[in-house]
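J.: Pasting start_35.csv here (CSV, C-alpha atoms):
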```csv
chain,number,residue,atom,x,y,z
A,1,SER,CA,-25.6,12.6,10.3
A,2,LEU,CA,-26.4,15.9,8.6
A,3,ARG,CA,-30.0,15.5,9.4
A,4,ASP,CA,-29.3,14.9,13.1
A,5,ALA,CA,-27.0,17.9,13.1
A,6,GLU,CA,-29.8,20.1,11.7
A,7,SER,CA,-32.1,19.0,14.4
A,8,PHE,CA,-29.6,19.8,17.1
A,9,PHE,CA,-29.1,23.2,15.7
A,10,PHE,CA,-32.8,23.8,15.7
A,11,PHE,CA,-33.0,22.8,19.4
A,12,LEU,CA,-30.1,25.1,20.3
A,13,ARG,CA,-31.6,28.0,18.4
A,14,LYS,CA,-35.3,27.7,19.2
A,15,GLY,CA,-35.3,25.7,22.4
A,16,THR,CA,-38.2,23.6,21.2
A,17,GLN,CA,-38.7,20.4,19.3
A,18,PRO,CA,-39.1,21.0,15.5
A,19,LYS,CA,-42.4,20.3,13.8
A,20,GLY,CA,-42.8,16.7,12.9
A,21,VAL,CA,-40.7,15.2,15.8
A,22,ASN,CA,-43.9,14.1,17.5
A,23,ASP,CA,-47.6,14.7,17.4
A,24,ASP,CA,-47.7,16.8,20.5
A,25,SER,CA,-47.3,20.6,20.7
A,26,PRO,CA,-43.7,21.7,20.7
A,27,GLN,CA,-42.3,21.7,24.2
A,28,PRO,CA,-39.7,24.2,25.2
A,29,PHE,CA,-36.3,22.8,26.3
A,30,SER,CA,-34.8,24.0,29.5
A,31,GLU,CA,-31.4,25.7,29.7
A,32,HIS,CA,-29.9,22.5,31.0
A,33,GLN,CA,-31.3,20.4,28.2
A,34,ARG,CA,-30.0,22.8,25.6
A,35,VAL,CA,-26.5,22.7,27.1
A,36,ALA,CA,-26.7,18.9,27.2
A,37,LEU,CA,-27.6,18.9,23.5
A,38,ALA,CA,-24.4,21.0,22.8
A,39,ASP,CA,-22.5,18.4,24.8
A,40,VAL,CA,-23.9,15.6,22.6
A,41,LEU,CA,-22.6,17.5,19.6
A,42,ILE,CA,-19.2,17.9,21.2
A,43,SER,CA,-19.0,14.1,21.8
A,44,ALA,CA,-20.1,13.4,18.2
A,45,CYS,CA,-17.4,15.8,16.8
A,46,ARG,CA,-14.6,13.8,18.6
A,47,ARG,CA,-15.0,11.1,16.0
A,48,PRO,CA,-13.8,11.5,12.4
A,49,VAL,CA,-16.6,12.1,10.0
A,50,GLY,CA,-17.1,11.1,6.4
A,51,ASP,CA,-16.3,7.4,6.5
A,52,GLY,CA,-14.1,7.7,3.4
A,53,ASP,CA,-16.3,10.2,1.5
A,54,PRO,CA,-14.5,13.6,1.1
A,55,ALA,CA,-17.8,15.1,-0.2
A,56,SER,CA,-19.5,14.3,3.1
A,57,VAL,CA,-16.7,15.9,5.1
A,58,LYS,CA,-17.2,19.2,3.1
A,59,ALA,CA,-21.0,18.9,3.4
A,60,PHE,CA,-20.7,18.4,7.2
A,61,ALA,CA,-18.5,21.5,7.6
A,62,ASP,CA,-20.8,23.6,5.5
A,63,ALA,CA,-23.8,22.5,7.5
A,64,THR,CA,-22.2,23.0,10.9
A,65,TYR,CA,-19.7,25.9,11.2
A,66,PRO,CA,-21.9,28.7,9.8
A,67,LYS,CA,-24.8,27.8,12.1
A,68,LEU,CA,-22.6,27.2,15.1
A,69,LEU,CA,-20.9,30.6,14.6
A,70,ARG,CA,-24.2,32.5,14.3
A,71,HIS,CA,-25.5,30.9,17.5
A,72,ALA,CA,-22.2,31.4,19.3
A,73,SER,CA,-22.1,35.1,18.4
A,74,GLY,CA,-25.7,35.6,19.6
A,75,ASP,CA,-27.0,36.4,16.2
A,76,THR,CA,-29.9,34.0,16.3
A,77,PHE,CA,-31.1,33.6,19.9
A,78,GLY,CA,-32.7,37.1,20.1
A,79,GLU,CA,-34.2,38.2,23.3
A,80,THR,CA,-33.8,34.7,24.8
A,81,ASP,CA,-30.1,34.6,24.5
A,82,SER,CA,-28.7,31.6,26.2
A,83,VAL,CA,-25.1,32.3,27.2
A,84,HIS,CA,-24.5,28.7,28.1
A,85,ALA,CA,-25.8,27.4,24.8
A,86,ARG,CA,-23.7,30.0,23.0
A,87,ALA,CA,-20.7,28.8,24.9
A,88,GLY,CA,-21.6,25.3,24.0
A,89,CYS,CA,-21.6,26.2,20.3
A,90,PHE,CA,-18.1,27.7,20.7
A,91,ARG,CA,-17.0,24.5,22.3
A,92,VAL,CA,-18.3,22.4,19.5
A,93,CYS,CA,-16.4,24.5,17.0
A,94,MET,CA,-13.2,24.1,19.1
A,95,VAL,CA,-13.5,20.3,19.1
A,96,ALA,CA,-14.5,20.0,15.5
A,97,PHE,CA,-11.7,22.3,14.3
A,98,ALA,CA,-9.0,20.8,16.4
A,99,ARG,CA,-10.0,17.3,15.2
A,100,ASP,CA,-9.6,18.3,11.5
A,101,ALA,CA,-7.0,21.1,11.4
A,102,THR,CA,-4.2,19.6,13.6
A,103,SER,CA,-2.2,16.6,12.3
A,104,ALA,CA,-1.6,15.1,15.8
A,105,THR,CA,-5.3,15.2,16.5
A,106,GLN,CA,-6.2,13.7,13.2
A,107,GLU,CA,-3.7,10.9,13.6
A,108,GLU,CA,-5.1,10.1,17.1
A,109,GLY,CA,-8.6,10.1,15.9
A,110,THR,CA,-7.7,7.8,13.0
A,111,ARG,CA,-5.9,5.4,15.3
A,112,LYS,CA,-9.0,5.1,17.5
A,113,HIS,CA,-11.2,4.7,14.5
A,114,THR,CA,-8.9,2.1,13.1
A,115,GLN,CA,-9.2,0.0,16.3
A,116,SER,CA,-13.0,0.4,16.4
A,117,VAL,CA,-13.3,-0.7,12.7
A,118,SER,CA,-10.8,-3.5,12.5
A,119,GLY,CA,-10.8,-4.7,16.1
A,120,SER,CA,-7.0,-4.5,16.0
A,121,THR,CA,-4.2,-2.5,17.6
A,122,PRO,CA,-1.5,-0.8,15.6
A,123,ASP,CA,0.8,-3.7,16.4
A,124,MET,CA,-1.6,-6.3,15.0
A,125,LYS,CA,-2.3,-7.3,11.4
A,126,PRO,CA,-5.3,-5.3,10.0
A,127,GLY,CA,-8.6,-7.1,10.1
A,128,PRO,CA,-11.4,-7.1,7.6
A,129,GLY,CA,-11.9,-3.4,8.0
A,130,LYS,CA,-8.8,-2.6,6.0
A,131,ALA,CA,-10.7,-1.0,3.1
A,132,ALA,CA,-12.7,1.2,5.5
A,133,ILE,CA,-9.6,2.3,7.3
A,134,THR,CA,-7.9,3.3,4.0
A,135,ALA,CA,-11.0,5.2,3.0
A,136,GLN,CA,-11.1,7.0,6.3
A,137,THR,CA,-7.5,8.0,6.0
A,138,LYS,CA,-8.1,9.6,2.6
A,139,THR,CA,-10.7,12.0,4.1
A,140,GLN,CA,-8.1,13.7,6.3
A,141,LYS,CA,-6.9,16.1,3.6
A,142,ALA,CA,-10.5,17.0,2.7
A,143,ALA,CA,-11.3,17.5,6.4
A,144,ARG,CA,-8.4,19.8,6.9
A,145,ALA,CA,-9.3,21.8,3.8
A,146,ALA,CA,-12.9,22.1,5.0
A,147,ALA,CA,-11.9,23.3,8.4
A,148,THR,CA,-9.3,25.7,7.0
A,149,SER,CA,-12.0,27.3,4.9
A,150,TYR,CA,-13.8,28.4,8.1
A,151,ALA,CA,-10.6,29.4,10.1
A,152,THR,CA,-11.0,33.1,9.4
A,153,ALA,CA,-14.7,33.1,10.4
A,154,LEU,CA,-13.8,31.2,13.6
A,155,ALA,CA,-11.1,33.8,14.4
A,156,VAL,CA,-13.4,36.7,13.8
A,157,ALA,CA,-16.2,35.2,16.0
A,158,ALA,CA,-13.7,34.3,18.8
A,159,SER,CA,-12.0,37.6,18.7
A,160,LYS,CA,-15.3,39.5,18.9
A,161,ALA,CA,-16.2,37.6,22.1
A,162,LEU,CA,-12.8,37.8,23.7
A,163,SER,CA,-12.5,41.5,23.1
A,164,ASP,CA,-15.9,42.3,24.5
A,165,ALA,CA,-15.5,43.1,28.2
A,166,ALA,CA,-19.3,43.0,28.6
A,167,GLU,CA,-19.6,39.5,27.2
A,168,HIS,CA,-20.5,36.7,29.6
A,169,SER,CA,-17.4,35.0,31.1
A,170,SER,CA,-18.5,31.5,30.0
A,171,VAL,CA,-18.8,32.7,26.4
A,172,ARG,CA,-15.4,34.4,26.5
A,173,LEU,CA,-13.8,31.2,28.0
A,174,ALA,CA,-15.3,29.1,25.3
A,175,ALA,CA,-14.1,31.6,22.7
A,176,ALA,CA,-10.6,31.3,24.2
A,177,GLY,CA,-10.9,27.5,23.5
A,178,VAL,CA,-11.6,28.3,19.9
A,179,ALA,CA,-8.5,30.6,19.8
A,180,THR,CA,-6.4,27.8,21.3
A,181,ALA,CA,-7.5,25.4,18.6
A,182,LEU,CA,-6.8,27.9,15.9
A,183,LEU,CA,-3.3,28.7,17.2
A,184,ALA,CA,-2.5,25.0,17.7
A,185,ALA,CA,-3.4,24.2,14.1
A,186,ASP,CA,-0.9,23.2,11.4
A,187,ASP,CA,1.3,25.8,9.7
A,188,SER,CA,-0.9,25.7,6.6
A,189,VAL,CA,-3.9,26.9,8.6
A,190,LEU,CA,-1.8,29.6,10.4
A,191,ARG,CA,-0.6,30.9,7.0
A,192,VAL,CA,-4.2,31.3,5.9
A,193,LEU,CA,-5.0,33.3,9.1
A,194,GLN,CA,-1.9,35.4,8.6
A,195,GLU,CA,-2.7,36.2,5.0
A,196,GLN,CA,-6.3,37.2,5.9
A,197,GLY,CA,-5.1,39.4,8.8
A,198,SER,CA,-6.9,37.3,11.3
A,199,LEU,CA,-3.9,36.1,13.2
A,200,GLU,CA,-3.0,39.6,14.5
A,201,MET,CA,-6.7,40.3,15.3
A,202,LEU,CA,-6.8,37.1,17.3
A,203,GLN,CA,-3.6,37.9,19.1
A,204,ASP,CA,-5.0,41.3,20.0
A,205,ALA,CA,-8.2,39.8,21.3
A,206,LEU,CA,-6.3,37.3,23.5
A,207,ARG,CA,-4.2,40.2,25.0
A,208,ALA,CA,-7.4,42.0,25.8
A,209,ALA,CA,-8.9,38.9,27.5
A,210,ALA,CA,-5.7,38.2,29.3
A,211,VAL,CA,-6.0,41.4,31.4
A,212,ALA,CA,-9.6,40.7,32.3
A,213,THR,CA,-10.0,40.9,36.1
A,214,ASP,CA,-13.5,39.5,36.4
A,215,GLU,CA,-12.6,36.0,35.1
A,216,PRO,CA,-9.3,34.4,36.4
A,217,GLY,CA,-9.6,31.6,33.8
A,218,LEU,CA,-9.1,34.1,31.0
```
Represent the structure from my file as structure tokens, please.

T.:
Amino acid sequence: SLRDAESFFFFLRKGTQPKGVNDDSPQPFSEHQRVALADVLISACRRPVGDGDPASVKAFADATYPKLLRHASGDTFGETDSVHARAGCFRVCMVAFARDATSATQEEGTRKHTQSVSGSTPDMKPGPGKAAITAQTKTQKAARAAATSYATALAVAASKALSDAAEHSSVRLAAAGVATALLAADDSVLRVLQEQGSLEMLQDALRAAAVATDEPGL
């Protein structure tokens, strides 16, 4: 839910439990716990969101991408920068964007959601969840539009990390994942990147990362 997402972002940013979670004093989260929280978000983002409500899809995108990108870029962690948590934020962006901006990924997600809702396979007659399945399918267009609206911001953040030779290798690798998701998106998304000048910027950043000698993965 959006409320859950806000809590996770608080954990990733501050490394402590937000006020009101319990009656004890806030306890700092370890580095491993913060990375685990990012992994939870990655798992959650693999499932289509909205449940048939296009407005919810847009609201989720607006509540997640801006915060994730600020965290991934290191603009909110301050002196206690966590490179692994920042990399985790990039990975969440990669999974969420790939889920919504690529037709093949959308169709696979809808197929799995269809089976979980109806208890049927594509070769079986639809079960009682037919209405829910139809509603979920209608959110795909809204999800792609919401993801596309943040494509340029994603390209800028990923390009910045990829081009910075002083950036931690784990962050650059995660940014490369975002770049992969962007370049694998549908033509309509690539056209937006081209029109904004972000596609060339992203390609230049990838070329710079490709010659990095300190990280073979790049």

J.: When you count all atoms listed in the file, which of these residues is closest to A:Glu200: A:Leu162, A:Ser188, A:Glu215, A:Ala155?

T.: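 Residue with the minimum atom-to-atom distance to A:Glu200: A:Ala155.
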
J.: What's the 10 Å shell around A:Ala98, counting only C-alpha atoms, without same-chain residues fewer than 3 positions away, as a PyMOL selection string?

T.: chain A and resi 45-46+92-95+101-106+144+147+177-178+180-186

J.: Applying 6 Å and all atoms listed in the file, which residues near stretch 72-76 of chain A remain after dropping the ones on its own chain fewer than 2 positions away? List them as an MDAnalysis selection string.

T.: chainID A and resid 68:70 78 86 89:90

J.: What gap, in Å, lies between atom CA of A:Lys141 and atom CA of A:Leu193?

T.: 18.2 Å

J.: So which one's closest to A:Phe97, A:Val189, A:Ala85, A:Ala59, A:Ala166? Using only C-alpha atoms, please.

T.: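 Looking only at the distances to A:Phe97, the closest residue turns out to be A:Val189.
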
J.: Figure out the distance between atom CA of A:Leu199 and atom CA of A:His71, please, to one decimal in Å.

T.: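 Computing the Euclidean distance for atom CA of A:His71 and atom CA of A:Leu199 yields 22.6 Å.
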
J.: Calculate how many Å separate atom CA of A:Ala174 from atom CA of A:Ala87, rounding to one decimal.

T.: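 A separation of 5.4 Å between them.
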